Structures are given as C-alpha cells and as structure tokens.
$ cat protein.csv   # CSV, N, CA and C atoms
chain,number,residue,atom,x,y,z
A,1,MET,N,-133.8,147.9,215.2
A,1,MET,CA,-135.2,147.5,214.9
A,1,MET,C,-136.0,148.4,215.9
A,2,HIS,N,-137.1,148.9,215.3
A,2,HIS,CA,-138.0,149.8,216.1
A,2,HIS,C,-138.8,148.9,217.0
A,3,ALA,N,-139.2,149.4,218.2
A,3,ALA,CA,-140.0,148.6,219.2
A,3,ALA,C,-141.2,148.0,218.6
A,4,PHE,N,-141.9,148.7,217.8
A,4,PHE,CA,-143.2,148.2,217.2
A,4,PHE,C,-142.9,147.1,216.2
A,5,ASP,N,-141.7,147.1,215.6
A,5,ASP,CA,-141.4,146.0,214.7
A,5,ASP,C,-141.2,144.7,215.5
A,6,VAL,N,-140.6,144.9,216.7
A,6,VAL,CA,-140.4,143.8,217.6
A,6,VAL,C,-141.7,143.3,218.1
A,7,LEU,N,-142.5,144.2,218.6
A,7,LEU,CA,-143.8,143.8,219.2
A,7,LEU,C,-144.9,143.5,218.2
A,8,GLY,N,-144.7,143.8,217.0
A,8,GLY,CA,-145.7,143.6,215.9
A,8,GLY,C,-146.0,142.1,215.7
A,9,ASP,N,-145.1,141.3,216.1
A,9,ASP,CA,-145.2,139.8,215.8
A,9,ASP,C,-145.9,139.1,217.0
A,10,PRO,N,-147.0,138.4,216.7
A,10,PRO,CA,-147.8,137.8,217.8
A,10,PRO,C,-146.9,136.7,218.6
A,11,VAL,N,-146.0,136.1,217.9
A,11,VAL,CA,-145.2,135.1,218.7
A,11,VAL,C,-144.3,135.8,219.7
A,12,ARG,N,-143.7,136.9,219.3
A,12,ARG,CA,-142.9,137.7,220.2
A,12,ARG,C,-143.7,138.3,221.4
A,13,ARG,N,-144.9,138.8,221.0
A,13,ARG,CA,-145.7,139.3,222.1
A,13,ARG,C,-146.1,138.2,223.1
A,14,ARG,N,-146.4,137.0,222.6
A,14,ARG,CA,-146.7,135.9,223.5
A,14,ARG,C,-145.5,135.5,224.3
A,15,ILE,N,-144.3,135.5,223.8
A,15,ILE,CA,-143.1,135.2,224.5
A,15,ILE,C,-143.0,136.2,225.7
A,16,LEU,N,-143.2,137.5,225.4
A,16,LEU,CA,-143.1,138.5,226.5
A,16,LEU,C,-144.2,138.2,227.5
A,17,GLU,N,-145.4,137.8,227.1
A,17,GLU,CA,-146.4,137.5,228.1
A,17,GLU,C,-146.0,136.4,229.0
A,18,LEU,N,-145.4,135.4,228.4
A,18,LEU,CA,-144.9,134.3,229.2
A,18,LEU,C,-143.8,134.7,230.2
A,19,LEU,N,-143.0,135.6,229.8
A,19,LEU,CA,-141.8,136.0,230.6
A,19,LEU,C,-142.3,137.0,231.7
A,20,THR,N,-143.5,137.5,231.7
A,20,THR,CA,-143.9,138.4,232.7
A,20,THR,C,-144.1,137.6,234.0
A,21,ALA,N,-144.3,136.3,234.0
A,21,ALA,CA,-144.4,135.5,235.2
A,21,ALA,C,-143.1,135.3,235.8
A,22,GLY,N,-142.0,135.6,235.2
A,22,GLY,CA,-140.6,135.4,235.7
A,22,GLY,C,-139.7,134.7,234.7
A,23,GLU,N,-138.5,134.5,235.2
A,23,GLU,CA,-137.5,133.9,234.3
A,23,GLU,C,-138.0,132.5,233.8
A,24,MET,N,-137.7,132.2,232.5
A,24,MET,CA,-138.0,130.9,231.9
A,24,MET,C,-136.8,130.4,231.1
A,25,THR,N,-136.6,129.2,231.1
A,25,THR,CA,-135.6,128.6,230.3
A,25,THR,C,-136.0,128.7,228.8
A,26,SER,N,-135.1,128.7,227.9
A,26,SER,CA,-135.4,128.7,226.5
A,26,SER,C,-136.2,127.5,226.1
A,27,GLY,N,-135.9,126.4,226.8
A,27,GLY,CA,-136.6,125.1,226.5
A,27,GLY,C,-138.1,125.2,226.9
A,28,ALA,N,-138.4,125.9,228.0
A,28,ALA,CA,-139.8,126.0,228.5
A,28,ALA,C,-140.5,127.0,227.6
A,29,VAL,N,-139.9,128.1,227.2
A,29,VAL,CA,-140.5,129.0,226.3
A,29,VAL,C,-140.8,128.3,224.9
A,30,CYS,N,-139.8,127.6,224.5
A,30,CYS,CA,-139.9,126.9,223.2
A,30,CYS,C,-141.1,125.9,223.2
A,31,ALA,N,-141.2,125.1,224.3
A,31,ALA,CA,-142.3,124.1,224.4
A,31,ALA,C,-143.7,124.8,224.3
A,32,VAL,N,-143.9,125.9,225.0
A,32,VAL,CA,-145.2,126.6,225.0
A,32,VAL,C,-145.4,127.1,223.6
A,33,ILE,N,-144.5,127.8,223.0
A,33,ILE,CA,-144.6,128.5,221.7
A,33,ILE,C,-144.8,127.4,220.6
A,34,ARG,N,-144.1,126.4,220.7
A,34,ARG,CA,-144.2,125.3,219.6
A,34,ARG,C,-145.6,124.7,219.7
A,35,LYS,N,-146.1,124.5,220.9
A,35,LYS,CA,-147.5,124.0,221.1
A,35,LYS,C,-148.6,125.0,220.6
A,36,GLU,N,-148.4,126.2,220.9
A,36,GLU,CA,-149.4,127.2,220.6
A,36,GLU,C,-149.4,127.7,219.1
A,37,PHE,N,-148.2,127.8,218.6
A,37,PHE,CA,-148.0,128.3,217.2
A,37,PHE,C,-147.6,127.3,216.2
A,38,GLY,N,-147.2,126.1,216.6
A,38,GLY,CA,-146.8,125.1,215.7
A,38,GLY,C,-145.5,125.4,214.9
A,39,ILE,N,-144.6,126.2,215.5
A,39,ILE,CA,-143.4,126.5,214.8
A,39,ILE,C,-142.2,125.7,215.4
A,40,SER,N,-141.1,125.7,214.7
A,40,SER,CA,-140.0,124.9,215.0
A,40,SER,C,-139.2,125.5,216.1
A,41,GLN,N,-138.3,124.7,216.8
A,41,GLN,CA,-137.4,125.2,217.8
A,41,GLN,C,-136.5,126.3,217.3
A,42,PRO,N,-135.9,126.1,216.1
A,42,PRO,CA,-135.1,127.2,215.6
A,42,PRO,C,-135.8,128.5,215.3
A,43,ALA,N,-137.1,128.4,214.9
A,43,ALA,CA,-137.9,129.6,214.8
A,43,ALA,C,-138.1,130.3,216.1
A,44,VAL,N,-138.4,129.6,217.1
A,44,VAL,CA,-138.6,130.1,218.5
A,44,VAL,C,-137.3,130.8,218.9
A,45,SER,N,-136.2,130.1,218.7
A,45,SER,CA,-134.9,130.7,219.0
A,45,SER,C,-134.6,132.0,218.3
A,46,GLN,N,-135.1,132.1,217.1
A,46,GLN,CA,-134.9,133.4,216.3
A,46,GLN,C,-135.8,134.5,217.0
A,47,HIS,N,-137.0,134.2,217.4
A,47,HIS,CA,-137.8,135.2,218.0
A,47,HIS,C,-137.2,135.6,219.3
A,48,LEU,N,-136.6,134.7,220.1
A,48,LEU,CA,-135.9,135.0,221.3
A,48,LEU,C,-134.8,136.0,221.1
A,49,LYS,N,-134.1,135.7,220.0
A,49,LYS,CA,-132.9,136.5,219.6
A,49,LYS,C,-133.4,137.9,219.2
A,50,VAL,N,-134.5,138.1,218.5
A,50,VAL,CA,-135.0,139.4,218.2
A,50,VAL,C,-135.4,140.1,219.4
A,51,LEU,N,-136.0,139.5,220.4
A,51,LEU,CA,-136.4,140.1,221.6
A,51,LEU,C,-135.2,140.5,222.4
A,52,ARG,N,-134.2,139.7,222.4
A,52,ARG,CA,-132.9,140.0,223.1
A,52,ARG,C,-132.2,141.2,222.5
A,53,GLU,N,-132.0,141.2,221.2
A,53,GLU,CA,-131.3,142.2,220.4
A,53,GLU,C,-132.1,143.5,220.5
A,54,GLY,N,-133.5,143.4,220.5
A,54,GLY,CA,-134.3,144.6,220.6
A,54,GLY,C,-134.4,145.2,222.0
A,55,GLY,N,-133.8,144.5,223.0
A,55,GLY,CA,-133.7,145.0,224.3
A,55,GLY,C,-134.9,144.6,225.2
A,56,PHE,N,-135.8,143.8,224.6
A,56,PHE,CA,-137.1,143.5,225.4
A,56,PHE,C,-136.9,142.3,226.3
A,57,ALA,N,-135.8,141.5,226.1
A,57,ALA,CA,-135.6,140.4,226.9
A,57,ALA,C,-134.1,140.3,227.3
A,58,THR,N,-133.8,139.8,228.4
A,58,THR,CA,-132.4,139.5,228.9
A,58,THR,C,-132.3,138.0,228.9
A,59,VAL,N,-131.0,137.6,228.8
A,59,VAL,CA,-130.7,136.2,228.9
A,59,VAL,C,-129.5,136.0,229.8
A,60,ARG,N,-129.5,135.0,230.7
A,60,ARG,CA,-128.4,134.7,231.5
A,60,ARG,C,-128.2,133.2,231.5
A,61,PRO,N,-126.9,132.8,231.4
A,61,PRO,CA,-126.6,131.4,231.5
A,61,PRO,C,-126.7,130.9,232.9
A,62,GLU,N,-127.2,129.7,233.1
A,62,GLU,CA,-127.2,129.0,234.4
A,62,GLU,C,-126.8,127.6,234.1
A,63,GLY,N,-125.6,127.3,234.2
A,63,GLY,CA,-125.1,125.9,233.8
A,63,GLY,C,-125.3,125.8,232.3
A,64,THR,N,-126.0,124.7,231.9
A,64,THR,CA,-126.2,124.5,230.5
A,64,THR,C,-127.5,125.2,230.0
A,65,ARG,N,-128.2,125.8,230.9
A,65,ARG,CA,-129.5,126.4,230.5
A,65,ARG,C,-129.3,127.9,230.3
A,66,ARG,N,-130.3,128.5,229.5
A,66,ARG,CA,-130.3,129.9,229.3
A,66,ARG,C,-131.6,130.4,229.8
A,67,LEU,N,-131.6,131.3,230.8
A,67,LEU,CA,-132.8,131.9,231.4
A,67,LEU,C,-133.1,133.2,230.8
A,68,TYR,N,-134.4,133.3,230.3
A,68,TYR,CA,-134.8,134.6,229.7
A,68,TYR,C,-135.8,135.3,230.7
A,69,ALA,N,-135.7,136.6,230.6
A,69,ALA,CA,-136.6,137.5,231.4
A,69,ALA,C,-136.9,138.7,230.7
A,70,VAL,N,-138.0,139.4,231.1
A,70,VAL,CA,-138.4,140.7,230.4
A,70,VAL,C,-137.4,141.8,230.9
A,71,ASP,N,-137.0,142.6,230.0
A,71,ASP,CA,-136.3,143.8,230.3
A,71,ASP,C,-137.3,145.0,230.1
A,72,PRO,N,-137.7,145.6,231.2
A,72,PRO,CA,-138.8,146.6,231.1
A,72,PRO,C,-138.4,147.9,230.5
A,73,GLY,N,-137.1,148.2,230.2
A,73,GLY,CA,-136.7,149.5,229.7
A,73,GLY,C,-137.4,149.8,228.4
A,74,PRO,N,-137.4,149.0,227.3
A,74,PRO,CA,-138.0,149.3,226.1
A,74,PRO,C,-139.6,149.4,226.3
A,75,LEU,N,-140.1,148.7,227.2
A,75,LEU,CA,-141.6,148.7,227.4
A,75,LEU,C,-141.9,150.1,228.0
A,76,ARG,N,-141.1,150.7,228.8
A,76,ARG,CA,-141.3,152.0,229.3
A,76,ARG,C,-141.3,153.0,228.2
A,77,ASP,N,-140.3,152.8,227.3
A,77,ASP,CA,-140.3,153.7,226.1
A,77,ASP,C,-141.6,153.6,225.3
A,78,VAL,N,-142.1,152.4,225.1
A,78,VAL,CA,-143.3,152.2,224.3
A,78,VAL,C,-144.5,152.9,225.1
A,79,ASP,N,-144.5,152.7,226.4
A,79,ASP,CA,-145.5,153.4,227.2
A,79,ASP,C,-145.5,154.9,227.1
A,80,ALA,N,-144.3,155.4,227.1
A,80,ALA,CA,-144.1,156.9,227.0
A,80,ALA,C,-144.6,157.4,225.6
A,81,TRP,N,-144.3,156.6,224.6
A,81,TRP,CA,-144.8,157.0,223.3
A,81,TRP,C,-146.3,156.9,223.2
A,82,LEU,N,-146.9,155.9,223.8
A,82,LEU,CA,-148.4,155.7,223.8
A,82,LEU,C,-149.1,156.8,224.7
A,83,ASP,N,-148.3,157.4,225.6
A,83,ASP,CA,-148.9,158.4,226.5
A,83,ASP,C,-149.6,159.5,225.7
A,84,ARG,N,-149.1,159.9,224.6
A,84,ARG,CA,-149.8,161.0,223.9
A,84,ARG,C,-151.1,160.6,223.3
A,85,PHE,N,-151.4,159.3,223.2
A,85,PHE,CA,-152.6,158.8,222.7
A,85,PHE,C,-153.7,158.5,223.7
A,86,ARG,N,-153.3,158.4,225.0
A,86,ARG,CA,-154.2,158.0,226.1
A,86,ARG,C,-155.4,158.9,226.1
A,87,ARG,N,-155.3,160.1,225.8
A,87,ARG,CA,-156.5,161.0,225.9
A,87,ARG,C,-157.6,160.5,225.0
A,88,PHE,N,-157.3,159.7,224.0
A,88,PHE,CA,-158.4,159.2,223.1
A,88,PHE,C,-159.2,158.1,223.8
A,89,TRP,N,-158.6,157.3,224.7
A,89,TRP,CA,-159.3,156.2,225.3
A,89,TRP,C,-159.6,156.4,226.8
A,90,THR,N,-158.8,157.2,227.5
A,90,THR,CA,-158.9,157.3,229.0
A,90,THR,C,-160.3,157.8,229.4
A,91,PRO,N,-160.8,158.9,228.8
A,91,PRO,CA,-162.2,159.3,229.2
A,91,PRO,C,-163.2,158.2,229.0
A,92,HIS,N,-163.1,157.5,227.9
A,92,HIS,CA,-164.1,156.4,227.6
A,92,HIS,C,-164.0,155.3,228.7
A,93,LEU,N,-162.8,155.0,229.1
A,93,LEU,CA,-162.6,154.0,230.1
A,93,LEU,C,-163.1,154.5,231.5
A,94,ASP,N,-162.8,155.7,231.7
A,94,ASP,CA,-163.3,156.3,233.0
A,94,ASP,C,-164.9,156.3,233.0
A,95,ALA,N,-165.5,156.6,231.9
A,95,ALA,CA,-166.9,156.6,231.8
A,95,ALA,C,-167.5,155.2,232.0
A,96,LEU,N,-166.8,154.2,231.4
A,96,LEU,CA,-167.2,152.8,231.5
A,96,LEU,C,-167.1,152.4,233.0
A,97,ALA,N,-166.0,152.8,233.7
A,97,ALA,CA,-165.8,152.4,235.1
A,97,ALA,C,-167.0,153.0,235.9
A,98,THR,N,-167.4,154.2,235.6
A,98,THR,CA,-168.5,154.9,236.3
A,98,THR,C,-169.7,154.1,236.1
A,99,GLU,N,-170.0,153.7,234.9
A,99,GLU,CA,-171.3,152.9,234.6
A,99,GLU,C,-171.2,151.6,235.3
A,100,LEU,N,-170.1,150.9,235.3
A,100,LEU,CA,-170.0,149.6,235.9
A,100,LEU,C,-170.2,149.8,237.4
A,101,ASP,N,-169.6,150.8,238.0
A,101,ASP,CA,-169.9,151.1,239.4
A,101,ASP,C,-171.3,151.3,239.7
A,102,ARG,N,-172.0,152.1,238.9
A,102,ARG,CA,-173.4,152.4,239.0
A,102,ARG,C,-174.2,151.1,239.0
A,103,GLY,N,-173.9,150.3,238.0
A,103,GLY,CA,-174.7,149.0,237.9
A,103,GLY,C,-174.5,148.1,239.1
A,104,GLU,N,-173.2,148.1,239.6
A,104,GLU,CA,-172.9,147.2,240.7
A,104,GLU,C,-173.7,147.8,242.0
A,105,ARG,N,-173.7,149.1,242.1
A,105,ARG,CA,-174.4,149.7,243.2
A,105,ARG,C,-175.9,149.3,243.2
A,106,GLN,N,-176.5,149.4,242.0
A,106,GLN,CA,-177.9,149.1,241.8
A,106,GLN,C,-178.2,147.6,242.1
A,107,ARG,N,-177.3,146.7,241.7
A,107,ARG,CA,-177.5,145.3,242.0
A,107,ARG,C,-177.4,145.0,243.5
A,108,ARG,N,-176.5,145.7,244.1
A,108,ARG,CA,-176.4,145.5,245.6
A,108,ARG,C,-177.6,146.0,246.3
A,109,LEU,N,-178.2,147.1,245.8
A,109,LEU,CA,-179.4,147.6,246.4
A,109,LEU,C,-180.7,146.9,245.9
A,110,GLY,N,-180.5,146.0,245.0
A,110,GLY,CA,-181.7,145.2,244.5
A,110,GLY,C,-182.6,146.0,243.6
A,111,ARG,N,-182.0,147.0,242.9
A,111,ARG,CA,-182.8,147.8,242.0
A,111,ARG,C,-182.5,147.6,240.6
A,112,THR,N,-183.4,147.9,239.7
A,112,THR,CA,-183.2,148.0,238.3
A,112,THR,C,-183.5,149.4,237.8
A,113,ASP,N,-183.5,149.6,236.6
A,113,ASP,CA,-183.8,151.0,236.0
A,113,ASP,C,-185.3,151.3,236.4
A,114,GLU,N,-186.1,150.3,236.6
A,114,GLU,CA,-187.5,150.6,236.8
A,114,GLU,C,-187.8,150.8,238.3
A,115,GLY,N,-186.8,150.7,239.1
A,115,GLY,CA,-187.1,150.9,240.6
A,115,GLY,C,-186.8,149.7,241.4
A,116,PRO,N,-187.2,149.6,242.6
A,116,PRO,CA,-187.0,148.5,243.5
A,116,PRO,C,-187.6,147.2,242.9
A,117,ASN,N,-186.9,146.1,243.3
A,117,ASN,CA,-187.5,144.8,242.9
A,117,ASN,C,-188.7,144.5,243.6
A,118,ARG,N,-189.7,144.0,243.0
A,118,ARG,CA,-191.0,143.6,243.6
A,118,ARG,C,-191.2,142.1,243.3
A,119,SER,N,-191.3,141.4,244.4
A,119,SER,CA,-191.5,139.9,244.2
A,119,SER,C,-192.9,139.5,244.4
$ encode --input "protein.csv" --output "structure tokens"
Amino acid sequence: MHAFDVLGDPVRRRILELLTAGEMTSGAVCAVIRKEFGISQPAVSQHLKVLREGGFATVRPEGTRRLYAVDPGPLRDVDAWLDRFRRFWTPHLDALATELDRGERQRRLGRTDEGPNRS
C-alpha cells in the first residue's frame, strides 16, 4: 500500500497524531477513536493493522496488552517526497514570518502604520 493511501484516511492520521505523544495501548487508542469518530472497536483494530502493515506504526506485546508507537521511517520517506514541493510554500511562509515579526516589533514599540500612538 502506498504511503498516501495509508495517510489518506482521517482515522489513521488521527491515530498517528495520538501516537506522537508516545506508546499507547490498543485499548486507549480505540477509546479515543471510538469517541471521536463513532466507529467500532473492530474498525479501529483494522486501521491499526493498516498502519502496522504500512510501516507507520509498531506494536509490541506487554503482558496481555499491545502497545503501539509511531515508526518514523515511512514518515521520512513522505517528507523526502514532499521536499520537491516545498519551494511552492516555503517563500510564502518565510514572507509571513517576516510580516508577523514586523507587526510584533511595531506593537512592542507602540506604533501602528500611522506612526506612534498618541493618547
């Protein structure tokens, strides 16, 4: 399965977001996903399986529990693929950062576009 097929599903993306905080039991993942998406435990298990088989998540047994974690390898591959497209948004983000810094500087100095504040 292609990485974007795996990541294209909002439930799987949310599971990965949850796992960025650290290992989680399948039960804990299931509880959050069932609450947020209203899907059954078997459906959540299927999403975990897709993430595991796609290489995006690892699982390790700990007693009777199964602990899931993010596997960063495929995410690095996605990042490398996206790298060729960064030129489309990086200059815009850099310009935005410059404008935000400029506005913050003006607020600190008590100025607006019209000049110093006059009370």
$ closest_atom_pairs --input "protein.csv" --of "stretch 64-103 of chain A" --to "stretch 15-37 of chain A" --cutoff "12 Å" --atoms "only C-alpha atoms" --output "JSON lines"
{"residue": "A:Thr64", "atom": "CA", "partner": "A:Thr25", "partner_atom": "CA", "distance": 10.3}
{"residue": "A:Arg65", "atom": "CA", "partner": "A:Thr25", "partner_atom": "CA", "distance": 6.5}
{"residue": "A:Arg66", "atom": "CA", "partner": "A:Thr25", "partner_atom": "CA", "distance": 5.5}
{"residue": "A:Leu67", "atom": "CA", "partner": "A:Thr25", "partner_atom": "CA", "distance": 4.5}
{"residue": "A:Tyr68", "atom": "CA", "partner": "A:Met24", "partner_atom": "CA", "distance": 5.4}
{"residue": "A:Ala69", "atom": "CA", "partner": "A:Glu23", "partner_atom": "CA", "distance": 4.7}
{"residue": "A:Val70", "atom": "CA", "partner": "A:Leu19", "partner_atom": "CA", "distance": 5.8}
{"residue": "A:Asp71", "atom": "CA", "partner": "A:Leu16", "partner_atom": "CA", "distance": 9.4}
{"residue": "A:Pro72", "atom": "CA", "partner": "A:Thr20", "partner_atom": "CA", "distance": 9.8}
{"residue": "A:Pro74", "atom": "CA", "partner": "A:Leu16", "partner_atom": "CA", "distance": 12.0}
{"residue": "A:Leu75", "atom": "CA", "partner": "A:Leu16", "partner_atom": "CA", "distance": 10.3}
$ atom_distance --input "protein.csv" --atom1 "atom N of A:Asp9" --atom2 "atom CA of A:Pro61"
26.0 Å
$ closest_residue --input "protein.csv" --among "A:Gly110, A:Asp94, A:Leu51, A:Gly103" --to "A:Leu7" --atoms "only N, CA and C atoms"
A:Leu51
$ atom_distance --input "protein.csv" --atom1 "atom N of A:Gly73" --atom2 "atom C of A:Gly55"
6.5 Å
$ atom_distance --input "protein.csv" --atom1 "atom N of A:Ser40" --atom2 "atom CA of A:Glu62"
24.3 Å
$ closest_residue --input "protein.csv" --among "A:Ala3, A:Val50, A:Val11, A:Ala57" --to "A:Gly38" --atoms "only C-alpha atoms"
A:Val11
$ select_by_dssp --input "protein.csv" --residues "stretch 29-108 of chain A" --states "alpha helix (DSSP H)" --output "PyMOL selection string"
chain A and resi 29-37+41-53+72-83+86-108
$ decode --input "protein.csv" --residues "stretch 21-40 of chain A" --atoms "N, CA and C atoms" --output "PDB file, in the first residue's frame"
ATOM      1  N   ALA A  21       2.528  11.239  20.934  1.00  0.00           N
ATOM      2  CA  ALA A  21       2.765  11.511  22.354  1.00  0.00           C
ATOM      3  C   ALA A  21       3.522  10.369  23.028  1.00  0.00           C
ATOM      4  N   GLY A  22       3.627   9.234  22.366  1.00  0.00           N
ATOM      5  CA  GLY A  22       4.315   8.078  22.923  1.00  0.00           C
ATOM      6  C   GLY A  22       3.475   6.828  22.760  1.00  0.00           C
ATOM      7  N   GLU A  23       3.995   5.736  23.254  1.00  0.00           N
ATOM      8  CA  GLU A  23       3.294   4.462  23.128  1.00  0.00           C
ATOM      9  C   GLU A  23       1.912   4.544  23.770  1.00  0.00           C
ATOM     10  N   MET A  24       0.968   3.855  23.116  1.00  0.00           N
ATOM     11  CA  MET A  24      -0.390   3.756  23.651  1.00  0.00           C
ATOM     12  C   MET A  24      -0.874   2.328  23.486  1.00  0.00           C
ATOM     13  N   THR A  25      -1.681   1.899  24.413  1.00  0.00           N
ATOM     14  CA  THR A  25      -2.290   0.581  24.267  1.00  0.00           C
ATOM     15  C   THR A  25      -3.352   0.650  23.186  1.00  0.00           C
ATOM     16  N   SER A  26      -3.630  -0.491  22.598  1.00  0.00           N
ATOM     17  CA  SER A  26      -4.676  -0.528  21.583  1.00  0.00           C
ATOM     18  C   SER A  26      -6.011  -0.111  22.190  1.00  0.00           C
ATOM     19  N   GLY A  27      -6.231  -0.467  23.458  1.00  0.00           N
ATOM     20  CA  GLY A  27      -7.475  -0.070  24.127  1.00  0.00           C
ATOM     21  C   GLY A  27      -7.601   1.433  24.275  1.00  0.00           C
ATOM     22  N   ALA A  28      -6.496   2.102  24.609  1.00  0.00           N
ATOM     23  CA  ALA A  28      -6.526   3.564  24.759  1.00  0.00           C
ATOM     24  C   ALA A  28      -6.760   4.236  23.412  1.00  0.00           C
ATOM     25  N   VAL A  29      -6.088   3.736  22.369  1.00  0.00           N
ATOM     26  CA  VAL A  29      -6.304   4.280  21.022  1.00  0.00           C
ATOM     27  C   VAL A  29      -7.759   4.082  20.626  1.00  0.00           C
ATOM     28  N   CYS A  30      -8.248   2.898  20.857  1.00  0.00           N
ATOM     29  CA  CYS A  30      -9.618   2.557  20.491  1.00  0.00           C
ATOM     30  C   CYS A  30     -10.618   3.469  21.196  1.00  0.00           C
ATOM     31  N   ALA A  31     -10.410   3.732  22.478  1.00  0.00           N
ATOM     32  CA  ALA A  31     -11.338   4.572  23.237  1.00  0.00           C
ATOM     33  C   ALA A  31     -11.434   5.974  22.637  1.00  0.00           C
ATOM     34  N   VAL A  32     -10.297   6.559  22.301  1.00  0.00           N
ATOM     35  CA  VAL A  32     -10.298   7.911  21.728  1.00  0.00           C
ATOM     36  C   VAL A  32     -10.954   7.913  20.351  1.00  0.00           C
ATOM     37  N   ILE A  33     -10.557   6.974  19.505  1.00  0.00           N
ATOM     38  CA  ILE A  33     -11.067   6.943  18.129  1.00  0.00           C
ATOM     39  C   ILE A  33     -12.560   6.638  18.106  1.00  0.00           C
ATOM     40  N   ARG A  34     -13.001   5.722  18.952  1.00  0.00           N
ATOM     41  CA  ARG A  34     -14.433   5.407  19.006  1.00  0.00           C
ATOM     42  C   ARG A  34     -15.226   6.639  19.414  1.00  0.00           C
ATOM     43  N   LYS A  35     -14.710   7.392  20.375  1.00  0.00           N
ATOM     44  CA  LYS A  35     -15.396   8.606  20.839  1.00  0.00           C
ATOM     45  C   LYS A  35     -15.420   9.679  19.752  1.00  0.00           C
ATOM     46  N   GLU A  36     -14.289   9.887  19.096  1.00  0.00           N
ATOM     47  CA  GLU A  36     -14.181  10.963  18.109  1.00  0.00           C
ATOM     48  C   GLU A  36     -14.852  10.634  16.775  1.00  0.00           C
ATOM     49  N   PHE A  37     -14.789   9.366  16.350  1.00  0.00           N
ATOM     50  CA  PHE A  37     -15.287   9.004  15.022  1.00  0.00           C
ATOM     51  C   PHE A  37     -16.529   8.126  15.058  1.00  0.00           C
ATOM     52  N   GLY A  38     -16.856   7.604  16.232  1.00  0.00           N
ATOM     53  CA  GLY A  38     -18.045   6.770  16.351  1.00  0.00           C
ATOM     54  C   GLY A  38     -17.967   5.454  15.601  1.00  0.00           C
ATOM     55  N   ILE A  39     -16.770   4.889  15.509  1.00  0.00           N
ATOM     56  CA  ILE A  39     -16.625   3.608  14.813  1.00  0.00           C
ATOM     57  C   ILE A  39     -16.388   2.492  15.822  1.00  0.00           C
ATOM     58  N   SER A  40     -16.587   1.277  15.407  1.00  0.00           N
ATOM     59  CA  SER A  40     -16.494   0.117  16.290  1.00  0.00           C
ATOM     60  C   SER A  40     -15.041  -0.235  16.616  1.00  0.00           C
TER      61      SER A  40
END
